[in-house]
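Asker: Can you read through this structure? Questions will come right after.
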Amino acid sequence: MAINTKIIKLNDKLDIVDGNREYYIYFERIGHRFSRLEEIIHPDQKADFLEFVRNSADEKEFEVFKFRKHTDEFKLNIVQVFEEEKGTERIKCLRLIEIEDMFGYVSFIDNETVKLLSALSLTGETFFSYERKTNVIQVLKYSNGKRVSIFDQDIDLWRDLMIQNSMLPENQFEEFRTLVDNMKSCPSKIYSTLKCAFRTSGKIIESLDFIGTRVEVDGKISMTGIIASSTRAKQSLAAKNLLGELQIDSLTKTYNKKTISEIAVKRLNEAKGKERVAFVIVDLDHFKPVNDAYGHLAGDKVLEQSGEILNNIVGNNGFVGRYGGDEFFIVLNNVESEVLLRGTLQAILETVRNNFADSFDDIKITTSIGASVFPDNGTTYDELFKKADFCLYRAKDKGRNRYVFFRDDLHMKLYQQSVEDTAGVKYQGREILELKYMAAFMQNLGWTPYKAIKDVLEHMRETYNLSDVSIYYGENLNRIYCVGEESPLQDNARYVLGSEFKKLLDTNKRFVRMDFPEDLKDSPEIRDEFLRRNVRSTIQYILGSPEEIKGLVTFDRLGSSSQWAEYEVNCAVMFASSYNLLPEAIKVDFALYSKLKNLGE
């Protein structure tokens, strides 16, 4: 039984910058990501908890605090502080274990070790557990949720009864005695194949593999293991070893396309009526520019590290394969809840982004993820894969660095349209569609400028998932127009007149793009100004010229950062540059028009 250990990684201000899969499952709330420790700790324990985190230097020290789960319940957790290397630095981390998990684990190890194997989807198999202190062996199985005991007695008596009752062929008596002696000595592992009759009503017709491992808890030593059909076990072993090198992608150490596809089909067949299985497609954002700018060796390193990250996150909960290029296909087992799925997907997003945050000066490696769930979204491989692929491109359309999992109420109509359209709904299609929209806007600008501006900004805010689009103009750069959230923190844009903002224009000349606040680590004043305004992703285009700034157009996402799609940047620049070229009289008249809130022409 694995204890759900949550890992939280902190920066020097004790902000939460990352976590493992279990952290995201435990704390993830729909539509909200925790970024401060104060958000997850019980309010009454806030001061004591922060003091412990700041001052604890010994990993052996621990305290118990209450934390808010994703369900808004407060649960007691054991907390340890430790450090982890990240490049040349050491970052502070927290290890959290829920008290109830710990008690459950200890109770499980002490009393009913076999339940562990049952929980690992081995229901119906036979298990054994031998405790050296009592010299008692239990042989039992779990069937239909009930525990069925086959033997529960002194191991020497069990050995004698098996031989006396001819439960084995005579030529294997000595081998069976050796197996019992091995169990009693409790080595690290045991493996033995015997013909036995205790599962087949006294008939010796079955070869069984005894596979066990040593368990030691609080001084109690035991052997625990599984008794499996030898034929089945050998088939399983052969499946793992057969053409092993050909099954694994040599670069990413994940399964290749053929193997992961076969695993996916096999898991669907095994899961019918028993469990929920998720298909997850992960695509690396901005991978091609890495190859183009830094060479294929750098690209290979990104793929290698990405495969390692995905293998670590998924672990024993599923299978990871490289489907092609920079795309990975994951099959997740036992997806019991939406929270479990969200936690896994969020862990992938955050870990990949943080892992490559400092790898390239001008390229941000992130992930776009699409997912579907059996049997909720379909029952066949083709249907589930197509829906996950559809969601992947929805994630790209929405700006990348995000996950989308299929929901009938949100996606079914558009998905069915994409199935009918042989081209499907692809990212490239969205880019072409938006460029056509901008072309129509520029044509209408000459005939009905006010309406054209209003319509295109409302379209961009909704389609690009923006919090607001604002236009600032005049000597004090006051906001003259806003579509979306009209925050009082953004009533003017005088910060663009400072030298630090103008330095940011050196590369792009007229606009600044920020995907994440960390992008502006060399411009702390501007970064702090954006954070004060709650701006986490933005495109900002100056009106006039860098030498004489007359206004500013901003496209903002508040609250949470996200990667801008290239077509979004292109369309934002096309709008702002077109607006900038308008006669001064029209821009002044638009200010009056916007103040009057006149929605007609």
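For the structure tokens, the naming scheme is as follows: chains receive sequential letters (A, B, ...) according to their order of presentation, residues are indexed from 1 within each chain, and ligands are indexed from 1 in presentation order.
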Show which residues sit within 9 Å of Ser467 in chain A, as a PyMOL selection string. Count only C-alpha atoms, and ignore same-chain residues fewer than 4 positions away.

Answerer: chain A and resi 461-462+483-485+555-559

Asker: Please list as an NGL selection string every residue within 9 Å of Asn77 in chain A, counting only C-alpha atoms and excluding residues in the same chain fewer than 3 positions away.

Answerer: :A and (63-67 or 96-100)

Asker: Using DSSP secondary structure from the backbone, list all alpha helix (DSSP H) positions within range 338-377 of chain A, as a list in words.

Answerer: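 Output for range 338-377 of chain A, alpha helix (DSSP H) only: Glu338, Val339, Leu340, Leu341, Arg342, Gly343, Thr344, Leu345, Gln346, Ala347, Ile348, Leu349, Glu350, Thr351, Val352, Arg353, Asn354 and Asn355 of chain A.
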
Asker: Print the selection's residues with all heavy atoms to a file, as a short mmCIF file (atom, residue, chain, number, x, y, z; two decimals), in the first residue's frame.

Answerer:
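As written to disk, result-v9.cif reads:
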```
data_model
loop_
_atom_site.label_atom_id
_atom_site.label_comp_id
_atom_site.auth_asym_id
_atom_site.auth_seq_id
_atom_site.Cartn_x
_atom_site.Cartn_y
_atom_site.Cartn_z
N GLU A 338 -13.03 12.81 -10.96
CA GLU A 338 -12.52 13.94 -11.75
C GLU A 338 -11.33 14.59 -11.04
O GLU A 338 -10.39 15.05 -11.69
CB GLU A 338 -13.64 14.96 -11.96
CG GLU A 338 -13.24 16.13 -12.82
CD GLU A 338 -14.38 17.11 -13.02
OE1 GLU A 338 -15.43 16.68 -13.53
OE2 GLU A 338 -14.21 18.29 -12.67
N VAL A 339 -11.37 14.60 -9.71
CA VAL A 339 -10.26 15.19 -8.95
C VAL A 339 -8.96 14.44 -9.22
O VAL A 339 -7.90 15.05 -9.40
CB VAL A 339 -10.59 15.17 -7.43
CG1 VAL A 339 -9.36 15.55 -6.62
CG2 VAL A 339 -11.73 16.12 -7.14
N LEU A 340 -9.03 13.12 -9.27
CA LEU A 340 -7.85 12.31 -9.54
C LEU A 340 -7.28 12.64 -10.92
O LEU A 340 -6.07 12.79 -11.09
CB LEU A 340 -8.21 10.83 -9.45
CG LEU A 340 -7.06 9.83 -9.54
CD1 LEU A 340 -6.17 9.94 -8.32
CD2 LEU A 340 -7.60 8.41 -9.66
N LEU A 341 -8.16 12.76 -11.91
CA LEU A 341 -7.71 13.08 -13.26
C LEU A 341 -7.12 14.48 -13.32
O LEU A 341 -6.03 14.69 -13.88
CB LEU A 341 -8.89 12.96 -14.24
CG LEU A 341 -8.58 13.29 -15.70
CD1 LEU A 341 -7.50 12.37 -16.25
CD2 LEU A 341 -9.85 13.18 -16.55
N ARG A 342 -7.82 15.44 -12.72
CA ARG A 342 -7.31 16.82 -12.72
C ARG A 342 -5.93 16.90 -12.05
O ARG A 342 -5.04 17.62 -12.52
CB ARG A 342 -8.29 17.75 -11.99
CG ARG A 342 -9.52 18.13 -12.79
CD ARG A 342 -10.40 19.07 -11.98
NE ARG A 342 -11.57 19.49 -12.72
CZ ARG A 342 -11.60 20.53 -13.55
NH1 ARG A 342 -10.50 21.24 -13.75
NH2 ARG A 342 -12.70 20.86 -14.19
N GLY A 343 -5.78 16.19 -10.93
CA GLY A 343 -4.50 16.24 -10.21
C GLY A 343 -3.36 15.74 -11.07
O GLY A 343 -2.27 16.33 -11.08
N THR A 344 -3.58 14.65 -11.79
CA THR A 344 -2.54 14.10 -12.65
C THR A 344 -2.20 15.06 -13.78
O THR A 344 -1.02 15.32 -14.07
CB THR A 344 -2.99 12.74 -13.23
OG1 THR A 344 -3.29 11.85 -12.16
CG2 THR A 344 -1.89 12.12 -14.08
N LEU A 345 -3.22 15.60 -14.44
CA LEU A 345 -2.98 16.51 -15.56
C LEU A 345 -2.31 17.80 -15.10
O LEU A 345 -1.41 18.32 -15.77
CB LEU A 345 -4.30 16.82 -16.27
CG LEU A 345 -5.08 15.61 -16.81
CD1 LEU A 345 -6.30 16.07 -17.60
CD2 LEU A 345 -4.20 14.71 -17.66
N GLN A 346 -2.72 18.30 -13.94
CA GLN A 346 -2.10 19.53 -13.42
C GLN A 346 -0.64 19.28 -13.06
O GLN A 346 0.21 20.14 -13.28
CB GLN A 346 -2.87 20.03 -12.19
CG GLN A 346 -2.44 21.41 -11.70
CD GLN A 346 -2.83 22.51 -12.67
OE1 GLN A 346 -3.84 22.40 -13.35
NE2 GLN A 346 -2.02 23.55 -12.75
N ALA A 347 -0.35 18.11 -12.53
CA ALA A 347 1.04 17.78 -12.20
C ALA A 347 1.91 17.77 -13.45
O ALA A 347 3.05 18.24 -13.44
CB ALA A 347 1.10 16.41 -11.50
N ILE A 348 1.36 17.25 -14.55
CA ILE A 348 2.12 17.24 -15.82
C ILE A 348 2.38 18.67 -16.28
O ILE A 348 3.51 19.04 -16.63
CB ILE A 348 1.35 16.45 -16.89
CG1 ILE A 348 1.29 14.96 -16.52
CG2 ILE A 348 2.01 16.63 -18.26
CD1 ILE A 348 0.39 14.14 -17.42
N LEU A 349 1.33 19.50 -16.29
CA LEU A 349 1.48 20.90 -16.72
C LEU A 349 2.57 21.61 -15.94
O LEU A 349 3.49 22.21 -16.51
CB LEU A 349 0.16 21.66 -16.53
CG LEU A 349 -1.00 21.39 -17.48
CD1 LEU A 349 -2.19 22.24 -17.06
CD2 LEU A 349 -0.62 21.74 -18.91
N GLU A 350 2.46 21.56 -14.61
CA GLU A 350 3.36 22.33 -13.76
C GLU A 350 4.79 21.80 -13.80
O GLU A 350 5.76 22.56 -13.86
CB GLU A 350 2.85 22.32 -12.31
CG GLU A 350 1.48 22.96 -12.13
CD GLU A 350 1.49 24.46 -12.33
OE1 GLU A 350 2.58 25.07 -12.24
OE2 GLU A 350 0.42 25.03 -12.60
N THR A 351 4.93 20.46 -13.78
CA THR A 351 6.27 19.89 -13.71
C THR A 351 7.05 20.14 -15.00
O THR A 351 8.24 20.49 -14.97
CB THR A 351 6.20 18.38 -13.42
OG1 THR A 351 5.38 18.17 -12.27
CG2 THR A 351 7.59 17.82 -13.15
N VAL A 352 6.40 19.97 -16.14
CA VAL A 352 7.08 20.23 -17.42
C VAL A 352 7.45 21.70 -17.52
O VAL A 352 8.58 22.05 -17.88
CB VAL A 352 6.19 19.79 -18.60
CG1 VAL A 352 6.79 20.28 -19.92
CG2 VAL A 352 6.04 18.28 -18.64
N ARG A 353 6.50 22.57 -17.22
CA ARG A 353 6.79 24.01 -17.34
C ARG A 353 7.94 24.43 -16.43
O ARG A 353 8.86 25.14 -16.85
CB ARG A 353 5.54 24.82 -17.01
CG ARG A 353 5.75 26.33 -17.12
CD ARG A 353 4.45 27.10 -17.06
NE ARG A 353 3.87 27.09 -15.74
CZ ARG A 353 4.18 27.97 -14.79
NH1 ARG A 353 5.09 28.89 -15.01
NH2 ARG A 353 3.59 27.91 -13.61
N ASN A 354 7.90 23.99 -15.18
CA ASN A 354 8.96 24.38 -14.25
C ASN A 354 10.30 23.75 -14.60
O ASN A 354 11.36 24.36 -14.40
CB ASN A 354 8.56 24.00 -12.82
CG ASN A 354 7.42 24.84 -12.30
OD1 ASN A 354 7.28 25.99 -12.68
ND2 ASN A 354 6.59 24.28 -11.45
N ASN A 355 10.27 22.52 -15.12
CA ASN A 355 11.52 21.84 -15.47
C ASN A 355 12.29 22.58 -16.55
O ASN A 355 13.52 22.64 -16.52
CB ASN A 355 11.21 20.41 -15.92
CG ASN A 355 12.47 19.61 -16.20
OD1 ASN A 355 13.13 19.14 -15.29
ND2 ASN A 355 12.84 19.47 -17.45
#
```

Asker: Excluding Asn580 in chain A and its own-chain neighbours fewer than 2 positions away, which residues fall within 8 Å of it when counting only C-alpha atoms? Please give them as a PyMOL selection string.

Answerer: chain A and resi 543-544+576-578+582

Asker: Extract, using only C-alpha atoms, all DNA, RNA and protein residues at most 9 Å from Ile41 in chain A, discarding same-chain residues fewer than 3 positions from it, and format them as JSON, numbers by chain.

Answerer: {"A": [37, 38, 44, 45, 46, 49, 65, 66, 67, 68, 74]}

Asker: If you measure from CA of Tyr437 in chain A to CA of Tyr472 in chain A, what distance in Å do you get, rounded to one decimal?

Answerer: 23.9 Å

Asker: DSSP on the backbone: what in range 154-195 of chain A comes out strand (DSSP E), as a ChimeraX atom specification?

Answerer: /A:154,189-195

Asker: With only C-alpha atoms as the counted atoms, please give the residues lying no more than 12 Å from Asn291 in chain A, apart from itself and same-chain residues fewer than 2 positions off, as an mmCIF file with N, CA, C and O atoms, in the first residue's frame.

Answerer:
```
data_model
loop_
_atom_site.group_PDB
_atom_site.id
_atom_site.type_symbol
_atom_site.label_atom_id
_atom_site.label_comp_id
_atom_site.auth_asym_id
_atom_site.auth_seq_id
_atom_site.Cartn_x
_atom_site.Cartn_y
_atom_site.Cartn_z
ATOM 1 N N HIS A 286 5.801 24.541 -28.432
ATOM 2 C CA HIS A 286 7.006 25.261 -28.875
ATOM 3 C C HIS A 286 8.231 24.352 -28.957
ATOM 4 O O HIS A 286 9.360 24.806 -28.713
ATOM 5 N N PHE A 287 8.000 23.088 -29.284
ATOM 6 C CA PHE A 287 9.139 22.173 -29.410
ATOM 7 C C PHE A 287 9.915 22.420 -30.705
ATOM 8 O O PHE A 287 11.148 22.379 -30.708
ATOM 9 N N LYS A 288 9.221 22.679 -31.790
ATOM 10 C CA LYS A 288 9.891 22.887 -33.077
ATOM 11 C C LYS A 288 10.885 24.049 -33.028
ATOM 12 O O LYS A 288 12.014 23.925 -33.543
ATOM 13 N N PRO A 289 10.541 25.195 -32.411
ATOM 14 C CA PRO A 289 11.535 26.271 -32.326
ATOM 15 C C PRO A 289 12.820 25.869 -31.593
ATOM 16 O O PRO A 289 13.883 26.422 -31.872
ATOM 17 N N ALA A 293 16.237 26.487 -33.446
ATOM 18 C CA ALA A 293 17.167 27.480 -32.900
ATOM 19 C C ALA A 293 18.391 26.863 -32.228
ATOM 20 O O ALA A 293 19.490 27.411 -32.280
ATOM 21 N N TYR A 294 18.208 25.699 -31.582
ATOM 22 C CA TYR A 294 19.281 25.128 -30.776
ATOM 23 C C TYR A 294 19.797 23.785 -31.298
ATOM 24 O O TYR A 294 20.764 23.248 -30.757
ATOM 25 N N GLY A 295 19.143 23.244 -32.301
ATOM 26 C CA GLY A 295 19.609 21.980 -32.876
ATOM 27 C C GLY A 295 18.878 20.775 -32.315
ATOM 28 O O GLY A 295 18.231 20.828 -31.274
ATOM 29 N N HIS A 296 19.002 19.661 -33.037
ATOM 30 C CA HIS A 296 18.259 18.458 -32.676
ATOM 31 C C HIS A 296 18.777 17.801 -31.394
ATOM 32 O O HIS A 296 18.030 17.083 -30.726
ATOM 33 N N LEU A 297 20.033 18.031 -31.045
ATOM 34 C CA LEU A 297 20.531 17.468 -29.786
ATOM 35 C C LEU A 297 19.793 18.084 -28.599
ATOM 36 O O LEU A 297 19.445 17.396 -27.633
ATOM 37 N N ALA A 298 19.546 19.395 -28.688
ATOM 38 C CA ALA A 298 18.783 20.065 -27.627
ATOM 39 C C ALA A 298 17.347 19.548 -27.612
ATOM 40 O O ALA A 298 16.758 19.313 -26.552
ATOM 41 N N GLY A 299 16.782 19.360 -28.818
ATOM 42 C CA GLY A 299 15.427 18.819 -28.898
ATOM 43 C C GLY A 299 15.332 17.426 -28.312
ATOM 44 O O GLY A 299 14.360 17.093 -27.608
ATOM 45 N N ASP A 300 16.346 16.602 -28.589
ATOM 46 C CA ASP A 300 16.363 15.245 -28.034
ATOM 47 C C ASP A 300 16.407 15.283 -26.512
ATOM 48 O O ASP A 300 15.786 14.444 -25.838
ATOM 49 N N LYS A 301 17.154 16.236 -25.962
ATOM 50 C CA LYS A 301 17.250 16.343 -24.504
ATOM 51 C C LYS A 301 15.892 16.710 -23.910
ATOM 52 O O LYS A 301 15.502 16.194 -22.847
ATOM 53 N N VAL A 302 15.144 17.585 -24.578
ATOM 54 C CA VAL A 302 13.805 17.954 -24.114
ATOM 55 C C VAL A 302 12.894 16.730 -24.110
ATOM 56 O O VAL A 302 12.160 16.481 -23.148
ATOM 57 N N LEU A 303 12.950 15.937 -25.192
ATOM 58 C CA LEU A 303 12.118 14.730 -25.269
ATOM 59 C C LEU A 303 12.505 13.727 -24.189
ATOM 60 O O LEU A 303 11.646 13.117 -23.549
ATOM 61 N N GLY A 325 6.905 12.158 -32.747
ATOM 62 C CA GLY A 325 7.434 13.507 -32.609
ATOM 63 C C GLY A 325 7.510 13.940 -31.165
ATOM 64 O O GLY A 325 8.169 13.314 -30.335
ATOM 65 N N ASP A 326 6.794 15.016 -30.833
ATOM 66 C CA ASP A 326 6.781 15.541 -29.451
ATOM 67 C C ASP A 326 5.439 15.267 -28.781
ATOM 68 O O ASP A 326 5.034 15.998 -27.877
ATOM 69 N N PHE A 360 15.786 27.734 -21.942
ATOM 70 C CA PHE A 360 15.977 28.511 -23.159
ATOM 71 C C PHE A 360 15.542 29.949 -22.896
ATOM 72 O O PHE A 360 14.482 30.189 -22.324
ATOM 73 N N ILE A 363 12.316 30.708 -25.445
ATOM 74 C CA ILE A 363 11.310 29.698 -25.766
ATOM 75 C C ILE A 363 10.799 29.081 -24.468
ATOM 76 O O ILE A 363 11.588 28.659 -23.628
ATOM 77 N N ILE A 365 8.906 26.014 -22.974
ATOM 78 C CA ILE A 365 8.392 24.658 -23.195
ATOM 79 C C ILE A 365 7.272 24.391 -22.193
ATOM 80 O O ILE A 365 7.492 24.382 -20.987
#
```

Asker: Which distance in Å separates CA of Gly446 in chain A and CA of Lys587 in chain A, to one decimal?

Answerer: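 CA of Lys587 in chain A lies 13.1 Å from CA of Gly446 in chain A.
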
Asker: CA of Lys398 in chain A to CA of Tyr464 in chain A: how many Å, to one decimal?

Answerer: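 According to the coordinates, CA of Lys398 in chain A and CA of Tyr464 in chain A are separated by 6.2 Å.
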
Asker: With a distance cut-off of 10 Å and only C-alpha atoms, select the neighbouring residues of Lys184 in chain A, excluding the residue or stretch itself and same-chain residues fewer than 4 positions from it, and output the selection as a list of chain:residue names.

Answerer: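 Those residues are A:Tyr130, A:Glu131, A:Arg132, A:Lys133, A:Asn135, A:Val136, A:Ile137, A:Ile155, A:Asp156, A:Thr178, A:Leu179, A:Val180, A:Ser222, A:Met223.
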